[in-house]
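Below is one structure, written out as structure tokens; the observations come after it.
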Amino acid sequence: VYQFDVGRAHVAISTRAGGVSVGSFAELDLADHVGDEPAAVAENRRRLAGALDLPGDRFVWMRQVHGGAVAVVTGASAEPVAGVDGLVTGRPGVALGVLVADCVPVLLLCPDAGLVAAAHAGWRGVAAEVVPATVATLRALGAGDITAVVGPAICPNCYEVSAEVREAVRAVAPAATANTAAGRPALDLRAAVRGQLAGVVEVVDVASCTAEDARYFSHRRDGVTGRFAGVVWLDR
Ligand SMILES: [Zn+2]
């Protein structure tokens, strides 16, 4: 587990290790929407909460839709927040979670303002500008200095896309434009997200490629697979 702290604001990024899921989902699959055993996912989420010394009932997950919508939450919920790809909270002790396997997990920390946020940015989320929308939500709630952690995601050499997709993303996020080593159209999602974090004071890039680093789940590499998580919270 990667961990990063700014004062009383904390980020953790899980890996595949340490869970009870088997087969394609081995081991620490944290997603309840990809076909894994619900009991295994529940146990994996309990283990994550335990590893982070957080009560398991203080998490908020999203029913992610690759869009640009952001929700402000004031408490934990058993059900994921539907239809959003960004979450913001000012409630200490509430852990916001984003589930990924190649898309970019973005965790935003504003300890001075008592705010944290999580966002899920694949190519559709980059095109829908979910990261700027999440930053704007933080600003509207009074955020000053924001620190961003850009988590592990697929690298451009592993992420060939159609020329049409690359053009659609480039129109919104020019920094996404890339090629594979073989010269095929590709996207650099982490660079796109960094470009969309204009005005954020500090950007910490966890520069692992999910498709190349076996510690992480990768949809492009494995197809049916689990999801790892980025989590962000404020001390109670
Ligand atoms: Zn790669």
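Each chain of the structure tokens is named A, B, ... in the order shown, its residues numbered from 1; ligands are numbered from 1 in display order.
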Find the residues of chain A that sit at most 12 Å from ligand 1; for each, write down the nearest two atoms and how far apart they are in Å, to one decimal. Count only C-alpha atoms and all ligand atoms. Sort by chain, then by number going up, and give it as a tab-separated table.
```
residue	atom	partner	partner_atom_place_in_ligand_line	distance
A:Asp102	CA	ligand 1	1 (Zn)	9.6
A:Pro152	CA	ligand 1	1 (Zn)	10.3
A:Ala153	CA	ligand 1	1 (Zn)	8.4
A:Ile154	CA	ligand 1	1 (Zn)	5.5
A:Cys155	CA	ligand 1	1 (Zn)	4.1
A:Pro156	CA	ligand 1	1 (Zn)	6.4
A:Asn157	CA	ligand 1	1 (Zn)	5.3
A:Cys158	CA	ligand 1	1 (Zn)	4.3
A:Tyr159	CA	ligand 1	1 (Zn)	7.2
A:Glu160	CA	ligand 1	1 (Zn)	10.3
A:Asn179	CA	ligand 1	1 (Zn)	11.9
A:Thr180	CA	ligand 1	1 (Zn)	9.4
A:Ala181	CA	ligand 1	1 (Zn)	10.4
A:Ala186	CA	ligand 1	1 (Zn)	11.1
A:Leu187	CA	ligand 1	1 (Zn)	11.1
A:Asp188	CA	ligand 1	1 (Zn)	10.0
A:Leu189	CA	ligand 1	1 (Zn)	11.3
A:Arg190	CA	ligand 1	1 (Zn)	11.6
A:Ala207	CA	ligand 1	1 (Zn)	10.1
A:Ser208	CA	ligand 1	1 (Zn)	8.0
A:Cys209	CA	ligand 1	1 (Zn)	4.6
A:Thr210	CA	ligand 1	1 (Zn)	6.7
A:Ala211	CA	ligand 1	1 (Zn)	5.3
A:Glu212	CA	ligand 1	1 (Zn)	5.1
A:Asp213	CA	ligand 1	1 (Zn)	8.0
A:Ala214	CA	ligand 1	1 (Zn)	11.0
A:Tyr216	CA	ligand 1	1 (Zn)	11.8
A:Ser218	CA	ligand 1	1 (Zn)	10.1
A:Arg220	CA	ligand 1	1 (Zn)	10.0
A:Arg221	CA	ligand 1	1 (Zn)	9.7
```
Go through stretch 56-165 of chain A and collect every residue that DSSP, computed from the backbone, puts in helix (DSSP H, G or I); the answer should be as number ranges by chain.
-> A: 56-58, 123-127, 130-140, 156-158, 163-165
So which residues of stretch 158-191 of chain A fall under strand (DSSP E) by DSSP, listed as a ChimeraX atom specification?
-> /A:177-179,185-187
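Shortest separation to A:Arg58 among A:Ala95, A:Val41, A:Val231, A:Val135 occurs at residue A:Ala95, atoms counted being only C-alpha atoms.
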Close residues, A:Arg139 itself excluded, 12 Å, only C-alpha atoms, min 4 positions apart in chain, as a ChimeraX atom specification | /A:88,108-110,113-117,132-135,143-146,199-200
Between stretch 46-154 of chain A and stretch 22-27 of chain A, at 12 Å or less, what are the per-residue closest atom pairs and their distances in Å? Count only C-alpha atoms, order by chain and rising residue number, and return it as JSON lines.
```
{"residue": "A:Arg47", "atom": "CA", "partner": "A:Glu27", "partner_atom": "CA", "distance": 11.4}
{"residue": "A:Leu48", "atom": "CA", "partner": "A:Glu27", "partner_atom": "CA", "distance": 11.9}
{"residue": "A:Ala101", "atom": "CA", "partner": "A:Phe25", "partner_atom": "CA", "distance": 11.4}
```
How would the residues just picked look written out with all heavy atoms as a PDB file, in the first residue's frame?
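Just written: again32.pdb:
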```
ATOM      1  N   ARG A  47     -10.279  -5.729   5.158  1.00  0.00           N
ATOM      2  CA  ARG A  47      -8.817  -5.786   5.327  1.00  0.00           C
ATOM      3  C   ARG A  47      -8.167  -4.449   4.983  1.00  0.00           C
ATOM      4  O   ARG A  47      -7.230  -4.017   5.661  1.00  0.00           O
ATOM      5  CB  ARG A  47      -8.235  -6.905   4.458  1.00  0.00           C
ATOM      6  CG  ARG A  47      -8.589  -8.280   4.982  1.00  0.00           C
ATOM      7  CD  ARG A  47      -7.903  -9.361   4.189  1.00  0.00           C
ATOM      8  NE  ARG A  47      -8.248 -10.678   4.742  1.00  0.00           N
ATOM      9  CZ  ARG A  47      -7.519 -11.766   4.590  1.00  0.00           C
ATOM     10  NH1 ARG A  47      -6.400 -11.705   3.880  1.00  0.00           N
ATOM     11  NH2 ARG A  47      -7.894 -12.907   5.129  1.00  0.00           N
ATOM     12  N   LEU A  48      -8.656  -3.803   3.929  1.00  0.00           N
ATOM     13  CA  LEU A  48      -8.112  -2.484   3.581  1.00  0.00           C
ATOM     14  C   LEU A  48      -8.352  -1.494   4.725  1.00  0.00           C
ATOM     15  O   LEU A  48      -7.439  -0.779   5.136  1.00  0.00           O
ATOM     16  CB  LEU A  48      -8.760  -1.962   2.293  1.00  0.00           C
ATOM     17  CG  LEU A  48      -8.339  -0.546   1.886  1.00  0.00           C
ATOM     18  CD1 LEU A  48      -6.872  -0.517   1.462  1.00  0.00           C
ATOM     19  CD2 LEU A  48      -9.225   0.001   0.761  1.00  0.00           C
ATOM     20  N   ALA A 101      -8.485   0.155 -12.648  1.00  0.00           N
ATOM     21  CA  ALA A 101      -7.585  -0.855 -13.203  1.00  0.00           C
ATOM     22  C   ALA A 101      -7.161  -0.343 -14.571  1.00  0.00           C
ATOM     23  O   ALA A 101      -7.647  -0.821 -15.597  1.00  0.00           O
ATOM     24  CB  ALA A 101      -8.283  -2.206 -13.316  1.00  0.00           C
TER      25      ALA A 101
END
```
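Of the residues under consideration (A:Asp222, A:Val131, A:Gly93, A:Ala136), A:Gly93 shows the shortest atom-to-atom contact distance to A:Pro55 when counting only C-alpha atoms.
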Selection near A:Gly86, 6 Å with only C-alpha atoms, sequence-local residues under 4 positions removed, as a PyMOL selection string = chain A and resi 70+118-119+134
